[in-house]
Amino acid sequence: VASHNDDLHAEVQRLRELHQTLPPPSGASAPGASPEGANAAEPSFTDSRDLKRYLANDVVRELFSDFVELRGDGRVACDRCIHGGVGFMDGIACVVVGHYKAHEATDMGSFNHGMAAPEGYRYAQRMMALAERFGLGVVSLIDTPGALPSVEAESHGQAEAIASSLVHMAGLRVPIVSVVLGEGGSGGALGIGVANRVGMLSRGYYSVISPEGAASILGRYRSEEHRKEQFGKDCSELAQMQRIYAPQLKELGVVDEVIWEGVHGNGTPETYDSAPETYSRLREFLSRAFRTLRRAGPEVLIADRYDKFRNMGKFDVLSAEQFRATVERISQTGVPRAAGSGAQSSTSRSAQPAAARPSRTLQFLAEQTVNSLYSAHFGKSPAGAGAAVPVLPARDASKLPQRENAKAVLDRDGPEALARWVRSRSRPLITDTTMRDAHQSLLATRVRTHDLFPAARESAHVLHDAFSLEVWGGATFDVCYRFLHEDPWERLRALRRAAPNSCLQMLIRGSNAVGYTSYPDNVVEEFVRLAAKNGVDIFRIFDCFNDVDQMRVCIDAVRKEGKVAEVCLCFTGDFTRDDETIYTLDYYRKVAADAVDAGAHFIGIKDMAGLLRPPAASALMAAIREVTDLPVHYHAHNTSSVALTTIMRLVEAGCDIVDVAIASMADTTSQPSLNALVAATAGTVYDTGIDYLSLEPLDSYWAAVRSHYEPFESGLKSGSARVFEHQIPGGQYSNLYAQSHSVALRGRWSEVLEMYRDVNELFGNIIKVTPSSKCVGDMALFLLQRGLTCNDVRERGECIAFPQSVVDLFLGKLGRPHHGFPADIQEKVLKGQVPLQSRPGELLPAYDFAHRRSLMEEDLMRPVSDEEVISAVLYPAVFKQFVADREQYGDKITRLPTAAYFYGLAEGEELVFDVPNECISDAEIRASSEPSGDASIRVRIQLKRVGAIRKQGSAVTRRVAFVVNGFERVITVVDRQVDSGESPAGIPADLSDPRQIASPMVGTVGNVAVSPGDRVAKGARLCTVCAMKLEVHVDAPRAGTVESLCVSKGDRIDTNTLLVRMVFNDAAPAMSERRNSLTGEDTPAAASAE
């Protein structure tokens, strides 16, 4: 059991608190409280044997609908006592087992008087295994004086059967809820009572030995007459001393809740044939217990059960040194120290030293050590992973600079005043993008809050005079959830605390918010409200087609919050060329004018790929100044290496603010160097007012930090003028590079660049910025995987099942380019679908946040924040997975050093990190930890060894041993990098057989939407295949029946792996009609990607 208990203390405690605080569904009294009308009379153990009491048979009949009884232990026979089956309780499917009895004394023999034989406990195990197989909860109804005490029962292995049942229940991976209905005698009761939650009717008893048994052993009687007179009194007195009644056992923690039995109007106890109050309270207890437990993961359930029974009683938990001393003392004196006399006494779970338990943090470290593609243990980590990160200068947070800056003006006077203040300045201002777009562009957005927070604290001092720090939005929002086990809202709040004197800036995609599709207007409004509430000051708003109408809702929402609406014109093309007819100077002039009319406070020039050449800078600034005097803010990527020169030309032409990044995080696909700009303009009329030498600590810090992220680098070692051809945005470059590797296009990067260029031309030379750039990238990768060219699309596009993101693009779900899409390509893509003729947000109904909140709180069994609700709206599947990851690994992994987080540890390597004091019980190190300050506890973890591979069924595992503050901890993990000897996931499809549905790409099987035997219509979803953010939908090519599934969710598969076999309703089409439009091969599956 202990091997399952991977320090799930926080979740165990949460489950227990939830069970006590969750309101009963019908508004009944608080759990465990004695409600009005309950039978609260002095208990007597004899009440539990009243023939008119409610038995397990009665409870099953009253509480469970559609109950189907199942019999037999599968080995010997059917037990007379323990019965069970499957049924529904308040819509919850359950497996039920219980001790059955009769209401007539003459019939009790039919049930062995409520005493089970070995086959009864083996039957209970069989039923619980059934529950585990189908993911059902288990209800056990206890009412027995004990196990059957017969020679036959002993000869059939009574002790073994009960012991096996105890072990089986302890490790069961589904919830178990037990109720002691009447008698709870000895091991016969416990044999089906190892549960997560134990309730007890108020007139029952639960004891190792019955009062009569205790009196028989302890009683001393002068005569038979004395025995007759005294025995009953002794039984009653011993019952109280044994503390066998429900309220007493509740105090001891043996049962979780007293279920108070009802009384009739005349004060007599309810009986089995008339017990509305008792049955109602039973139902409420069971319902509440399952509502609490049903969403907990298997490891949490097992840990909860283990803790519950482990902590009954009083005992010592000794350190190794204390253990040796105790052994020595016993060997000398024969007298052990009394429990609690010196060692850490443990009478409850919270009192048990956390050091005695494994941890979820260790589980994560073990996973990374064994399974990371860049495992330090296996020598695959980057050379820079061990680089020491310089400690930034100690700063007094109470002594931030007090001179006026952009943040002070905004907070005091508002956004319009800030715009005037910026325009009145004679020197340019800068925005530092290091903490958002720089690492998004260079390192696939993977930089963790752990590394951002110290930099933000230093930036608050040395960049006090900057216009803003860009820290949030863009891809950072979903990447936090997807890849970093982080909550982006927690990141924003942390950075706000670190830099309270700086304007924090985010990138928002207009009607797409921080997603990749259009959302209802009230979703955008709610997101803006929450972003402002949590710390964003400057909202850089853009639309992928420069459609100001697509940005109006966002602009209005930002203005409502009193924050800065910086409205962007996204730059592409080259208006200086004579043959440029789409993105002309007049076009940009009009976009700027429309932005002003929409309520912009600032005008942004968003040059995603760094395509604005220096000679064109002054002309663009002049065109903007013709329509507005609002501040202009320039953002570019230095992929071509000319952006710094362009910045200088813009500043000379009157640009007010420019984006730059710390030198060690600058250039190539990032922004130009902040250090270079500051140093180059020092002492000139364009002096930024920032001392470039003051930036050196930050530069050194980021240089070391960057080395820890080497696997996520974009692969671009220097600037490249080729960007003027392919036009890939800098912010997409490193992500597309990583994505191409994930879909088996490693080594074909030059082809990816060429295909990206060709797809852009195919789409009509659109503006490429998220989310439109993602559509171009998706299509480029998709075509390369299938061996196609854009000419293939032009020639037989009407047959191609296009990626869903491309279909959405041409439908107008992302908006529309001002010059439209190529009509012939749009027709081939849409295949008769009618494109939207208005703004997508206008067609979407307002989102029902209250309904979403209700569903989430029911699912998570706790209140949820506004931020969690909006995250689930924007990214439902991603947020759900994040919640599951938090449950599995906890939140302490966000405090791990970055190298350990990504690559695990090498043998002998030690890491040191701090955890908050309030989380010490989840850090497993209380007794021996080193204090590292008032607010945290220091944890030392060393990798001692990684064991050899072991075969466990179809899995290959390793045992990973750590030393945690002196305590050895061993974690078992599945080694996913080793061939387990099993067949690969799936087999190649026969591409000549239209019934065999093949995978369109390399990836992992996502959701499987069908089961064998399902009848599906043409176009019905069969499953999805995922690779990073690329998700391909595999749909039925024709109507038919699913014959078999050939893969499972989570399987890693190759292109053309067989996914599903189908039987079609109609005759097979001619070969020419079923030619796969993606490859020209006979693969019938329709696939779409998003």
# chains A, B, ... in the order shown; residues from 1 in each chain; ligands from 1
>>> select_by_dssp(residues="segment 988-1020 of chain A", states="strand (DSSP E or B)", output="PyMOL selection string")
chain A and resi 988+996-998+1003-1008+1015-1016
>>> residues_around(residues="Asn1056 of chain A", least_positions_apart="5", cutoff="10 Å", atoms="only C-alpha atoms", output="PyMOL selection string")
chain A and resi 786+986-991+996-1002+1083
>>> closest_residue(among="A:Gly199, A:Pro615, A:Gly414, A:Gly386", to="Lys560 of chain A", atoms="only C-alpha atoms")
A:Gly414
>>> residues_around(residues="His264 of chain A", least_positions_apart="5", cutoff="9 Å", atoms="only C-alpha atoms", output="compact mmCIF listing (two decimals) with N, CA and C atoms, in the first residue's frame")
# COMPACT_ATOMS: atom_id res chain seq x y z
N GLY A 37 -35.35 15.60 15.32
CA GLY A 37 -36.10 14.41 14.99
C GLY A 37 -35.27 13.15 14.94
N PRO A 269 -38.10 4.47 17.69
CA PRO A 269 -37.18 4.46 16.55
C PRO A 269 -37.88 4.02 15.27
N GLU A 270 -37.41 4.57 14.14
CA GLU A 270 -37.92 4.12 12.85
C GLU A 270 -37.58 2.66 12.63
N THR A 271 -38.40 2.00 11.84
CA THR A 271 -38.19 0.60 11.52
C THR A 271 -38.00 0.45 10.03
N SER A 274 -40.64 1.59 7.66
CA SER A 274 -41.08 2.97 7.77
C SER A 274 -39.94 3.80 8.34
N ALA A 275 -39.00 4.16 7.47
CA ALA A 275 -37.80 4.86 7.93
C ALA A 275 -37.41 5.96 6.97
>>> residues_around(residues="Gln804 of chain A", least_positions_apart="3", cutoff="12 Å", atoms="only C-alpha atoms", output="number ranges by chain")
A: 517, 774-776, 778-779, 782, 800-801, 807-811, 813, 829-830, 1024, 1030-1035, 1086-1090
>>> select_by_dssp(residues="segment 102-164 of chain A", states="alpha helix (DSSP H)", output="MDAnalysis selection string")
chainID A and resid 118:134 151:155 158:164
>>> residues_around(residues="segment 948-958 of chain A", least_positions_apart="3", cutoff="6 Å", atoms="only C-alpha atoms", output="PyMOL selection string")
chain A and resi 972-975+980
>>> residues_around(residues="Pro211 of chain A", least_positions_apart="4", cutoff="10 Å", atoms="only C-alpha atoms", output="number ranges by chain")
A: 45-46, 185, 205, 207, 215-217, 231-232, 234-242, 244
>>> residues_around(residues="His635 of chain A", least_positions_apart="6", cutoff="8 Å", atoms="only C-alpha atoms", output="count of residues only")
8
